[in-house]
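Here's the structure we're looking at; comments come further down.
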Amino acid sequence: MFGRQIMGAYAVVVFIFVLAYSFYMGVNDGSNAIATTVVTRAVQPRTAIFLAAFINFVIPIAVFALGMLSVADNISYKLIDNSFFAGISDKQAFSFVFSGLLGAIIWGGVTFCLKIPNSTSHTLLGGIIGAGIAAFGFGAVQWKGYVLVNVVLMIVLAPVIGLILGFCLMKIVRALARSMNRGLNKIMLLLQRINLVILAGAFSSNNAQKSMGIFFLAGAVGLTVFNSENVPIWIPICIAAALTMGLLLGGYRVINTVGRKIYKLEPVHSVVAQFTTSVVMLTATTLGISLSTGQIMSSSIMGVGAAERINGVHWNTAIRILISWMLTLPCSAGMGALLYLLVGKAIFKI
């Protein structure tokens, strides 16, 4: 199965690091998916984690089986112009893909150590873009065709959408709640549990495709024969397993930051933030746009909190998170470019 003609040594290394990044996404974004439900005590932490873990494993495989791979295809074909891959050596192909992926992992590790939510999407996209610039030049990046709108603009646009939508929905819910009876809290608890399942599915369907996109990119540069038309089922199964293990084994610090340090959440806030995040994530996945659950969840909570009591939002934490998002793309791109110079130039002498 791992024969040279199908998946050589370079591709195996890339795939191992794809699984490592998938594990990290499970730790980071998987925790975001359950943070508000855990904090408001709608579901016990262990129950929430195991339920979300099950969804994280099943949904990516289902999405793959249904052929819904637009996010993965866009990562492999619309970031870097594939015409620049013609005639490159295996060493240059490996250096490019590996450096972009490793740059994303390093920046993700930095933000995790600093205990701040991180946009896993822009970390990965930035790493690829930076490595692509170092490997093929600035012109290889498809700025006008895809990157400026679907990557760069989304750094600002996606959180703004989450914040505004969360704000508006919270106002609507509060207006409707005035005419409801005391059973509102029970309804909100039930909705949180339903939303947890939807949100975990929205997270895993988008994030699994990010990992698939890197594997497709390895195929585009010639490291494997696999692409979106012939990828075997064991690849999404492995990616789904890595996402699941990440959620099961880590992420409690992220739950604390998202669930407690932005705004003091009650069940109604959790429901609105969850619903907002699910709507934005599912829409992005349908459109083939790579987004981070953590980014949307955090901005949704800011919007919900601002709708209730603007002074109740911990804006110092919010600003810290926003600064992290703004730094993600350039920092991960810089990591990817630097690593390509190290791996490609210094080690392989390309």
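Residues in the structure tokens are numbered from 1 in each chain, the chains being A, B, ... in the order shown, and ligands are numbered from 1 in the order shown.
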Distance query segment 303-305 of chain A at most 7 Å, only C-alpha atoms, self and fewer than 5 positions along chain excluded, as a PyMOL selection string: chain A and resi 163-164+166-167+170+263+269+273+310+312-313
Could those residues be written to a file, using all heavy atoms, as a compact mmCIF listing (two decimals), in the first residue's frame?
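Full text of result20.txt as output:
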```
# COMPACT_ATOMS: atom_id res chain seq x y z
N LEU A 163 -19.37 38.24 14.93
CA LEU A 163 -19.73 39.20 15.97
C LEU A 163 -21.09 39.84 15.69
O LEU A 163 -21.96 39.91 16.57
CB LEU A 163 -18.65 40.28 16.07
CG LEU A 163 -18.73 41.24 17.27
CD1 LEU A 163 -17.33 41.69 17.68
CD2 LEU A 163 -19.58 42.47 16.94
N ILE A 164 -21.30 40.30 14.45
CA ILE A 164 -22.55 40.97 14.11
C ILE A 164 -23.73 40.00 14.17
O ILE A 164 -24.80 40.33 14.71
CB ILE A 164 -22.45 41.61 12.71
CG1 ILE A 164 -21.44 42.76 12.73
CG2 ILE A 164 -23.82 42.11 12.24
CD1 ILE A 164 -21.19 43.37 11.36
N GLY A 166 -23.93 37.19 15.90
CA GLY A 166 -24.16 36.86 17.31
C GLY A 166 -24.91 37.97 18.03
O GLY A 166 -25.83 37.72 18.81
N PHE A 167 -24.52 39.21 17.77
CA PHE A 167 -25.16 40.38 18.39
C PHE A 167 -26.64 40.45 18.00
O PHE A 167 -27.52 40.59 18.86
CB PHE A 167 -24.43 41.65 17.94
CG PHE A 167 -24.99 42.92 18.52
CD1 PHE A 167 -24.46 43.45 19.69
CD2 PHE A 167 -26.03 43.60 17.90
CE1 PHE A 167 -24.96 44.62 20.24
CE2 PHE A 167 -26.55 44.77 18.44
CZ PHE A 167 -26.01 45.28 19.62
N MET A 170 -28.77 37.54 19.38
CA MET A 170 -28.98 37.66 20.82
C MET A 170 -30.10 38.66 21.11
O MET A 170 -30.95 38.44 21.99
CB MET A 170 -27.68 38.12 21.50
CG MET A 170 -27.70 38.05 23.02
SD MET A 170 -27.81 36.37 23.63
CE MET A 170 -29.32 36.44 24.56
N TYR A 263 -16.64 36.27 28.07
CA TYR A 263 -17.89 36.76 28.65
C TYR A 263 -18.45 35.68 29.57
O TYR A 263 -18.29 34.49 29.29
CB TYR A 263 -18.90 37.09 27.54
CG TYR A 263 -20.18 37.74 28.02
CD1 TYR A 263 -20.19 39.08 28.37
CD2 TYR A 263 -21.35 37.01 28.13
CE1 TYR A 263 -21.37 39.68 28.83
CE2 TYR A 263 -22.52 37.60 28.57
CZ TYR A 263 -22.52 38.94 28.93
OH TYR A 263 -23.67 39.53 29.38
N HIS A 269 -26.84 32.43 26.15
CA HIS A 269 -25.68 32.94 25.41
C HIS A 269 -25.00 31.79 24.66
O HIS A 269 -24.57 31.96 23.51
CB HIS A 269 -24.68 33.58 26.37
CG HIS A 269 -25.26 34.63 27.25
ND1 HIS A 269 -24.99 34.71 28.60
CD2 HIS A 269 -26.13 35.63 26.97
CE1 HIS A 269 -25.64 35.73 29.12
NE2 HIS A 269 -26.35 36.31 28.15
N ALA A 273 -24.43 31.64 20.60
CA ALA A 273 -23.05 31.56 20.10
C ALA A 273 -22.83 30.29 19.30
O ALA A 273 -22.19 30.29 18.25
CB ALA A 273 -22.07 31.63 21.27
N ILE A 310 -22.34 45.48 27.09
CA ILE A 310 -21.07 45.68 26.40
C ILE A 310 -19.89 45.75 27.37
O ILE A 310 -18.79 45.29 27.06
CB ILE A 310 -21.12 46.94 25.51
CG1 ILE A 310 -19.94 46.93 24.53
CG2 ILE A 310 -21.17 48.21 26.34
CD1 ILE A 310 -20.07 47.93 23.42
N GLY A 312 -19.67 44.02 29.97
CA GLY A 312 -19.46 42.70 30.53
C GLY A 312 -18.48 41.85 29.74
O GLY A 312 -18.00 40.83 30.23
N VAL A 313 -18.20 42.27 28.51
CA VAL A 313 -17.22 41.55 27.69
C VAL A 313 -15.82 41.87 28.19
O VAL A 313 -15.49 43.04 28.44
CB VAL A 313 -17.36 41.95 26.20
CG1 VAL A 313 -16.30 41.23 25.36
CG2 VAL A 313 -18.75 41.65 25.69
```
With only C-alpha atoms as the counted atoms, please give the residues lying no more than 8 Å from Leu79 of chain A, apart from itself and same-chain residues fewer than 6 positions off, as an mmCIF file with C-alpha atoms, in the first residue's frame.
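Everything below was put into selection08.cif:
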```
data_model
loop_
_atom_site.group_PDB
_atom_site.id
_atom_site.type_symbol
_atom_site.label_atom_id
_atom_site.label_comp_id
_atom_site.auth_asym_id
_atom_site.auth_seq_id
_atom_site.Cartn_x
_atom_site.Cartn_y
_atom_site.Cartn_z
ATOM 1 C CA LEU A 125 -2.958 28.585 4.757
ATOM 2 C CA ILE A 128 1.569 27.047 2.565
ATOM 3 C CA ILE A 129 1.581 30.563 1.131
ATOM 4 C CA VAL A 141 0.400 32.725 -5.140
ATOM 5 C CA GLN A 142 -3.048 33.122 -6.701
ATOM 6 C CA TRP A 143 -3.706 36.446 -5.035
ATOM 7 C CA TYR A 146 -8.549 33.230 -4.554
ATOM 8 C CA VAL A 147 -6.164 34.302 -1.810
#
```
Alpha helix (DSSP H) residues, from DSSP on the backbone, in segment 67-196 of chain A, as a PyMOL selection string: chain A and resi 70-77+90-113+120-136+153-177+184-196
Please produce an output containing C-alpha atoms for each residue in the selection, written as a CSV table (one decimal), in the first residue's frame.
```csv
chain,number,residue,atom,x,y,z
A,70,SER,CA,-14.5,21.7,-2.0
A,71,VAL,CA,-12.4,23.0,0.9
A,72,ALA,CA,-9.7,20.4,0.3
A,73,ASP,CA,-9.6,21.1,-3.4
A,74,ASN,CA,-9.3,24.8,-2.9
A,75,ILE,CA,-6.3,24.3,-0.6
A,76,SER,CA,-4.5,22.1,-3.1
A,77,TYR,CA,-5.4,24.0,-6.3
A,90,ASP,CA,10.9,15.3,-5.4
A,91,LYS,CA,13.2,17.2,-3.1
A,92,GLN,CA,11.7,20.6,-4.0
A,93,ALA,CA,8.2,19.2,-3.9
A,94,PHE,CA,8.8,17.8,-0.4
A,95,SER,CA,10.5,20.9,0.9
A,96,PHE,CA,7.6,23.1,-0.2
A,97,VAL,CA,4.8,20.9,1.2
A,98,PHE,CA,6.6,19.9,4.4
A,99,SER,CA,7.8,23.4,5.2
A,100,GLY,CA,4.3,24.9,4.8
A,101,LEU,CA,2.9,22.2,7.1
A,102,LEU,CA,5.6,22.4,9.7
A,103,GLY,CA,5.4,26.2,9.8
A,104,ALA,CA,1.7,25.9,10.6
A,105,ILE,CA,2.5,23.3,13.4
A,106,ILE,CA,5.1,25.5,14.9
A,107,TRP,CA,2.9,28.6,15.0
A,108,GLY,CA,0.1,26.6,16.3
A,109,GLY,CA,2.3,25.4,19.1
A,110,VAL,CA,3.3,28.9,20.0
A,111,THR,CA,-0.3,30.1,20.3
A,112,PHE,CA,-1.2,27.0,22.3
A,113,CYS,CA,1.6,27.7,24.8
A,120,THR,CA,-6.1,26.9,12.6
A,121,SER,CA,-7.2,27.7,9.1
A,122,HIS,CA,-5.0,30.8,8.6
A,123,THR,CA,-2.1,29.1,10.3
A,124,LEU,CA,-2.2,26.3,7.7
A,125,LEU,CA,-3.0,28.6,4.8
A,126,GLY,CA,-0.3,31.0,5.8
A,127,GLY,CA,2.3,28.3,6.1
A,128,ILE,CA,1.6,27.0,2.6
A,129,ILE,CA,1.6,30.6,1.1
A,130,GLY,CA,4.9,31.4,2.8
A,131,ALA,CA,6.6,28.2,1.6
A,132,GLY,CA,5.1,28.8,-1.9
A,133,ILE,CA,6.6,32.2,-2.1
A,134,ALA,CA,10.0,31.0,-1.0
A,135,ALA,CA,9.9,28.0,-3.4
A,136,PHE,CA,8.3,29.5,-6.5
A,153,LEU,CA,-10.0,39.2,3.7
A,154,MET,CA,-11.5,36.4,5.8
A,155,ILE,CA,-9.1,37.3,8.7
A,156,VAL,CA,-11.2,40.4,9.2
A,157,LEU,CA,-14.5,39.5,7.6
A,158,ALA,CA,-15.2,36.1,9.3
A,159,PRO,CA,-14.9,37.5,12.9
A,160,VAL,CA,-16.9,40.5,12.0
A,161,ILE,CA,-19.7,38.3,10.6
A,162,GLY,CA,-19.6,36.2,13.7
A,163,LEU,CA,-19.7,39.2,16.0
A,164,ILE,CA,-22.6,41.0,14.1
A,165,LEU,CA,-24.6,37.8,13.6
A,166,GLY,CA,-24.2,36.9,17.3
A,167,PHE,CA,-25.2,40.4,18.4
A,168,CYS,CA,-28.3,40.5,16.2
A,169,LEU,CA,-29.4,36.9,17.1
A,170,MET,CA,-29.0,37.7,20.8
A,171,LYS,CA,-31.2,40.8,20.5
A,172,ILE,CA,-33.9,38.7,18.7
A,173,VAL,CA,-33.7,35.9,21.2
A,174,ARG,CA,-34.1,38.3,24.2
A,175,ALA,CA,-37.0,40.0,22.5
A,176,LEU,CA,-38.8,36.6,22.0
A,177,ALA,CA,-37.9,35.4,25.5
A,184,LEU,CA,-37.0,28.8,28.8
A,185,ASN,CA,-33.9,27.5,30.6
A,186,LYS,CA,-35.0,23.9,30.0
A,187,ILE,CA,-35.4,24.7,26.3
A,188,MET,CA,-32.0,26.3,26.2
A,189,LEU,CA,-30.3,23.3,27.8
A,190,LEU,CA,-31.9,21.0,25.2
A,191,LEU,CA,-30.9,23.4,22.3
A,192,GLN,CA,-27.3,23.4,23.6
A,193,ARG,CA,-27.1,19.7,23.4
A,194,ILE,CA,-28.5,19.7,19.9
A,195,ASN,CA,-26.2,22.5,18.9
A,196,LEU,CA,-23.2,20.6,20.3
```
Residues near Leu265 of chain A, cut-off 12 Å, only C-alpha atoms, skip fewer than 6 positions along chain, as JSON, numbers by chain: {"A": [35, 36, 37, 38, 39, 40, 41, 42, 256, 257, 258, 259, 271, 272, 273, 274, 300, 301, 302, 304, 305, 306, 308, 309, 312, 313, 314]}
Counting only C-alpha atoms, the residue of A:Asn28, A:Ser119, A:Ser211, A:Thr293 that sits nearest Ile323 of chain A: A:Ser119
Neighbours of Ile321 of chain A within 9 Å (only C-alpha atoms; same-chain residues fewer than 3 positions away dropped), as a compact mmCIF listing (two decimals) with C-alpha atoms, in the first residue's frame?
```txt
# COMPACT_ATOMS: atom_id res chain seq x y z
CA ILE A 116 -4.90 31.88 23.27
CA PRO A 117 -7.39 30.63 20.68
CA ASN A 118 -5.84 30.33 17.26
CA GLN A 295 -12.17 32.20 15.44
CA SER A 298 -14.82 33.59 19.99
CA ASN A 316 -8.64 42.84 27.13
CA THR A 317 -8.91 39.12 26.40
CA ALA A 318 -10.87 39.83 23.22
CA SER A 324 -3.38 36.77 17.62
CA TRP A 325 -5.66 36.33 14.61
CA MET A 326 -4.07 39.28 12.80
```
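Among A:Ile16, A:Leu243, A:Leu248, A:Ala220, the residue with the shortest atom-to-atom distance to Ala48 of chain A, counting only C-alpha atoms, is A:Leu248.
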